[in-house]
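See below for model.txt, which holds compact mmCIF, C-alpha atoms and all ligand atoms.
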# COMPACT_ATOMS: atom_id res chain seq x y z
CA MET D 123 117.79 83.90 110.97
CA GLN D 124 118.47 81.66 113.91
CA GLU D 125 116.13 78.76 114.58
CA VAL D 126 114.06 79.26 117.68
CA LYS D 127 113.72 76.17 119.81
CA GLY D 128 110.24 74.83 120.24
CA MET D 129 108.81 77.29 117.78
CA SER D 130 107.32 76.08 114.54
CA GLY D 131 107.97 77.96 111.33
CA LYS D 132 104.37 79.07 111.33
CA GLY D 133 104.55 80.42 114.87
CA LYS D 134 107.48 82.63 113.96
CA GLU D 135 105.29 84.66 111.64
CA ARG D 136 103.90 86.29 114.76
CA PHE D 137 107.29 87.80 115.45
CA VAL D 138 107.66 90.33 112.71
CA SER D 139 108.08 94.03 113.28
CA ARG D 140 104.79 95.83 113.48
CA LEU D 141 103.12 98.81 115.05
CA VAL D 142 101.67 98.09 118.48
CA THR D 143 99.63 100.05 120.96
CA PRO D 144 100.19 100.18 124.75
CA GLY D 145 99.00 97.01 126.51
CA GLU D 146 98.97 94.93 123.36
CA PRO D 147 100.25 91.36 124.01
CA LEU D 148 103.46 90.60 122.12
CA CYS D 149 104.35 87.06 123.18
CA ALA D 150 104.63 84.75 126.16
CA PRO D 151 107.53 85.45 128.56
CA GLU D 152 108.85 81.97 127.67
CA GLU D 153 109.16 82.99 124.05
CA PHE D 154 110.92 86.33 124.45
CA MET D 155 112.03 88.17 127.57
CA PRO D 156 110.61 91.64 128.12
CA GLY D 157 113.03 94.31 126.89
CA PRO D 158 112.84 98.10 126.69
CA GLY D 159 109.37 99.45 126.04
CA THR D 160 107.60 96.33 127.30
CA TYR D 161 106.28 94.84 130.55
CA THR D 162 104.91 91.51 131.69
CA ASP D 163 101.35 91.16 132.87
CA ASP D 164 98.76 88.40 132.97
CA GLY D 165 101.03 85.85 131.30
CA HIS D 166 102.00 88.08 128.37
CA VAL D 167 104.81 90.39 127.48
CA ARG D 168 102.99 93.58 126.48
CA ALA D 169 103.85 96.84 124.80
CA ALA D 170 104.36 99.66 127.30
CA GLN D 171 104.20 102.31 124.62
CA LEU D 172 103.08 102.97 121.12
CA GLY D 173 105.84 101.82 118.82
CA ILE D 174 107.37 99.24 116.53
CA THR D 175 108.18 95.77 117.86
CA SER D 176 111.65 94.34 117.55
CA TYR D 177 112.18 90.63 118.25
CA ASP D 178 115.80 89.73 118.89
CA PHE D 179 115.92 86.02 118.09
CA LYS D 180 119.49 85.66 119.32
CA ALA D 181 119.08 87.25 122.74
CA ARG D 182 115.42 86.18 122.89
CA VAL D 183 114.37 89.66 123.91
CA VAL D 184 111.43 91.65 122.60
CA SER D 185 111.43 95.42 122.72
CA VAL D 186 109.19 98.22 121.48
CA LYS D 187 110.88 101.19 119.92
CA PRO D 188 108.88 104.38 120.24
CA VAL D 189 107.64 105.95 117.07
CA THR D 190 109.04 109.40 116.90
CA GLY D 191 106.52 112.11 116.25
CA HIS D 192 102.98 111.12 115.48
CA PRO D 193 102.55 107.51 114.42
CA ARG D 194 101.27 107.49 110.93
CA VAL D 195 98.26 105.20 110.84
CA PRO D 196 95.48 105.46 108.26
CA ARG D 197 92.19 106.44 109.87
CA THR D 198 88.53 106.39 108.95
CA GLY D 199 87.84 109.21 106.51
CA ASP D 200 91.44 109.48 105.31
CA VAL D 201 92.14 109.52 101.61
CA VAL D 202 95.05 107.18 100.88
CA LEU D 203 96.98 105.69 97.99
CA GLY D 204 96.79 101.95 97.49
CA VAL D 205 98.04 99.43 94.95
CA VAL D 206 95.67 96.71 93.74
CA VAL D 207 97.35 93.44 94.72
CA ASN D 208 94.47 91.03 94.20
CA ILE D 209 91.20 91.21 92.36
CA ARG D 210 88.09 89.07 92.08
CA ASP D 211 84.69 89.84 90.59
CA GLU D 212 83.30 91.55 93.66
CA LEU D 213 86.40 92.43 95.62
CA ALA D 214 89.75 94.13 95.14
CA THR D 215 92.48 93.96 97.75
CA LEU D 216 94.71 96.99 98.02
CA LYS D 217 97.98 97.48 99.80
CA ILE D 218 97.87 100.94 101.33
CA VAL D 219 101.17 102.55 100.45
CA ALA D 220 100.91 106.18 101.47
CA ASP D 221 98.63 109.02 102.42
CA GLU D 222 97.16 111.43 99.90
CA LYS D 223 100.35 113.49 99.86
CA GLY D 224 102.48 110.42 99.24
CA GLU D 225 103.91 110.10 102.76
CA ASN D 226 104.33 106.56 104.06
CA TYR D 227 102.57 105.08 107.06
CA SER D 228 104.21 103.39 110.07
CA GLY D 229 103.47 99.84 109.04
CA THR D 230 101.68 97.96 106.33
CA TYR D 231 97.93 98.07 105.88
CA THR D 232 95.62 96.15 103.62
CA GLY D 233 92.24 97.36 102.47
CA ILE D 234 89.26 95.79 100.78
CA LEU D 235 87.29 97.49 98.04
CA HIS D 236 83.91 95.85 97.53
CA VAL D 237 82.07 96.24 94.24
CA SER D 238 79.24 98.09 96.04
CA GLN D 239 81.75 100.81 96.99
CA VAL D 240 83.05 101.43 93.50
CA SER D 241 80.42 103.84 92.25
CA THR D 242 77.08 105.40 93.09
CA ARG D 243 75.70 103.67 90.01
CA TYR D 244 75.45 99.89 89.58
CA VAL D 245 78.74 98.19 88.81
CA LYS D 246 78.88 94.46 88.15
CA VAL D 247 82.56 93.72 88.70
CA VAL D 248 85.31 95.71 90.43
CA GLU D 249 87.42 95.50 87.27
CA GLU D 250 85.14 98.03 85.61
CA ALA D 251 86.91 100.60 87.81
CA VAL D 252 90.33 99.26 88.83
CA LYS D 253 92.72 96.54 87.68
CA MET D 254 95.70 94.66 89.09
CA GLY D 255 98.69 96.87 89.76
CA ASP D 256 96.77 100.16 89.56
CA LEU D 257 97.68 102.92 91.97
CA VAL D 258 94.37 104.13 93.36
CA LYS D 259 93.26 107.02 95.52
CA VAL D 260 90.69 105.62 97.94
CA LYS D 261 88.94 106.70 101.12
CA ILE D 262 88.90 104.63 104.28
CA LEU D 263 85.40 103.75 105.45
CA ARG D 264 86.44 101.71 108.46
CA ASP D 265 89.89 101.60 109.99
CA SER D 266 89.81 98.24 111.74
CA ALA D 267 91.40 95.35 109.87
CA PRO D 268 90.73 94.63 107.11
CA TYR D 269 90.27 98.27 106.18
CA GLN D 270 87.11 98.95 104.19
CA LEU D 271 87.67 101.27 101.26
CA THR D 272 85.46 103.31 98.99
CA LEU D 273 85.75 104.99 95.60
CA LYS D 274 82.42 106.81 95.95
CA ASP D 275 83.67 110.35 95.67
CA ALA D 276 84.44 112.43 92.61
CA ARG D 277 88.02 113.03 93.74
CA LEU D 278 88.74 109.30 94.18
CA GLY D 279 89.91 106.83 91.55
CA VAL D 280 92.90 105.42 89.73
CA VAL D 281 95.88 107.80 89.59
CA ALA D 282 98.23 105.51 87.64
CA ALA D 283 97.46 102.45 85.56
CA ALA D 284 99.38 100.16 83.28
CA CYS D 285 98.19 98.77 79.95
CA SER D 286 96.77 95.23 80.35
CA ASN D 287 98.12 94.44 76.93
CA CYS D 288 101.76 95.58 77.03
CA GLY D 289 102.39 97.04 80.49
CA GLY D 290 103.00 100.57 79.28
CA LEU D 291 101.68 103.42 81.41
CA LEU D 292 98.26 104.53 80.29
CA VAL D 293 97.93 108.20 79.44
CA LYS D 294 94.71 110.15 79.86
CA THR D 295 93.98 111.80 76.54
CA LEU D 296 92.42 115.23 76.14
CA ALA D 297 89.21 113.40 75.21
CA GLY D 298 89.29 111.66 78.59
CA GLN D 299 90.26 108.20 77.36
CA LEU D 300 92.95 106.07 78.93
CA LYS D 301 95.22 105.17 76.08
CA CYS D 302 98.47 103.24 75.87
CA PRO D 303 101.03 105.31 73.93
CA ARG D 304 102.98 102.14 73.17
CA CYS D 305 100.37 99.81 71.67
CA GLY D 306 97.39 102.13 71.23
CA SER D 307 95.09 100.07 73.43
CA VAL D 308 92.26 101.99 75.12
CA GLU D 309 91.11 100.87 78.56
CA ARG D 310 88.48 101.76 81.10
CA ARG D 311 89.05 102.78 84.69
CA LYS D 312 87.44 105.06 87.19
CA THR D 313 90.18 107.67 87.17
CA ALA D 314 90.78 110.36 89.75
CA PRO D 315 90.73 113.97 88.48
CA ASP D 316 94.45 114.15 89.25
CA TYR D 317 95.44 111.09 87.20
CA LEU D 318 99.23 111.35 86.96
CA PHE D 319 99.88 110.80 83.27
CA VAL D 320 97.94 113.15 81.07
CA GLU D 321 98.23 114.24 77.52
CA ARG D 322 99.46 117.83 77.63
CA ARG D 323 97.35 120.46 76.08
CA ARG D 324 99.60 122.42 73.74
CA ARG D 325 100.52 125.54 75.66
CA GLY D 326 98.96 128.64 74.22
CA ARG D 327 101.99 130.42 72.64
CA ARG D 328 100.20 131.05 69.44
CA GLY D 329 101.66 129.40 66.42
CA SER D 330 103.94 127.03 68.33
CA GLY D 331 101.42 124.21 68.30
CA LYS D 332 103.06 122.29 65.49
CA ARG D 333 103.34 118.54 65.92
ZN ZN D 401 99.88 98.87 75.64
Written as structure tokens, how would this file's structure read?
Ligand SMILES: [Zn+2]
Amino acid sequence: MQEVKGMSGKGKERFVSRLVTPGEPLCAPEEFMPGPGTYTDDGHVRAAQLGITSYDFKARVVSVKPVTGHPRVPRTGDVVLGVVVNIRDELATLKIVADEKGENYSGTYTGILHVSQVSTRYVKVVEEAVKMGDLVKVKILRDSAPYQLTLKDARLGVVAAACSNCGGLLVKTLAGQLKCPRCGSVERRKTAPDYLFVERRRRGRRGSGKR
């Protein structure tokens, strides 16, 4: 990427592609000239339409490309899929990767799951329910950044988890345990009813249930 004169490395972080709404300030006119989908007002280049920003560092032009169809933004009340990217005693940070049906959003969103939102009963640490790297079905409580998430619903929970011991995918056994088929380790999570990897009940063709 070309060096931008008079712009510190830190300042350049502002100029990454992202979803913007009409009127949102993008930069100063001295930084980038207004291109398609933008206008200048009140000392800022602003988005003229809902879309994705594109900063051309060579031509020093910023433009906003319209999002075709409906922009896909997670909203309050939506059930989404997120990956746990950071975890502390009372807080897990999730990267929201897709909606409930697995379709991606226009942009990247981060959500916070606080220990008080893990369960209707008392939970001491978030790790009683989710762990690093888990794919989790969560509901959005508040859709302004950072998104507030909740697990307080029977249909919410971990849908895919890896063994903390060996990294193998944990399988939900018929007894309801999460067990690692590789090393035999048993772990605890708050799983969603549609956890992805389940031990198959032997299909009922009588007599074919041999192991
Ligand atoms: Zn394992």
Contacts with ligand ZN 401 (chain D) at most 8 Å, only C-alpha atoms and all ligand atoms counted, listed as number ranges by chain: D: 284-292, 301-307
With all atoms listed in the file as the atoms that count, which of D:Val245, D:Val183, D:Leu148, D:Val308 lies nearest to Val167 (chain D)? D:Leu148
Point (84.5, 96.1, 81.8) neighbourhood (9 Å, all atoms listed in the file) written as a ChimeraX atom specification: /D:246-251,309-311
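You can rank D:Lys223, D:Lys180, D:Lys253, D:Lys187 by their closest distance to Thr160 (chain D) using only C-alpha atoms, and at the top of that list sits D:Lys187.
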9 Å contact set for Gln270 (chain D), all atoms listed in the file, chain neighbours under 3 positions out, as a PyMOL selection string: chain D and resi 198+232-236+261-267
Counting all atoms listed in the file, what is within 10 Å of Pro196 (chain D), bar same-chain residues fewer than 5 positions away, as a PyMOL selection string? chain D and resi 201-202+218+220-221+226-231+261-262+264-266+269
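Considering all atoms listed in the file, the residue among D:Val252, D:Val258, D:Val186, D:Val195 positioned nearest to Glu212 (chain D) is D:Val252.
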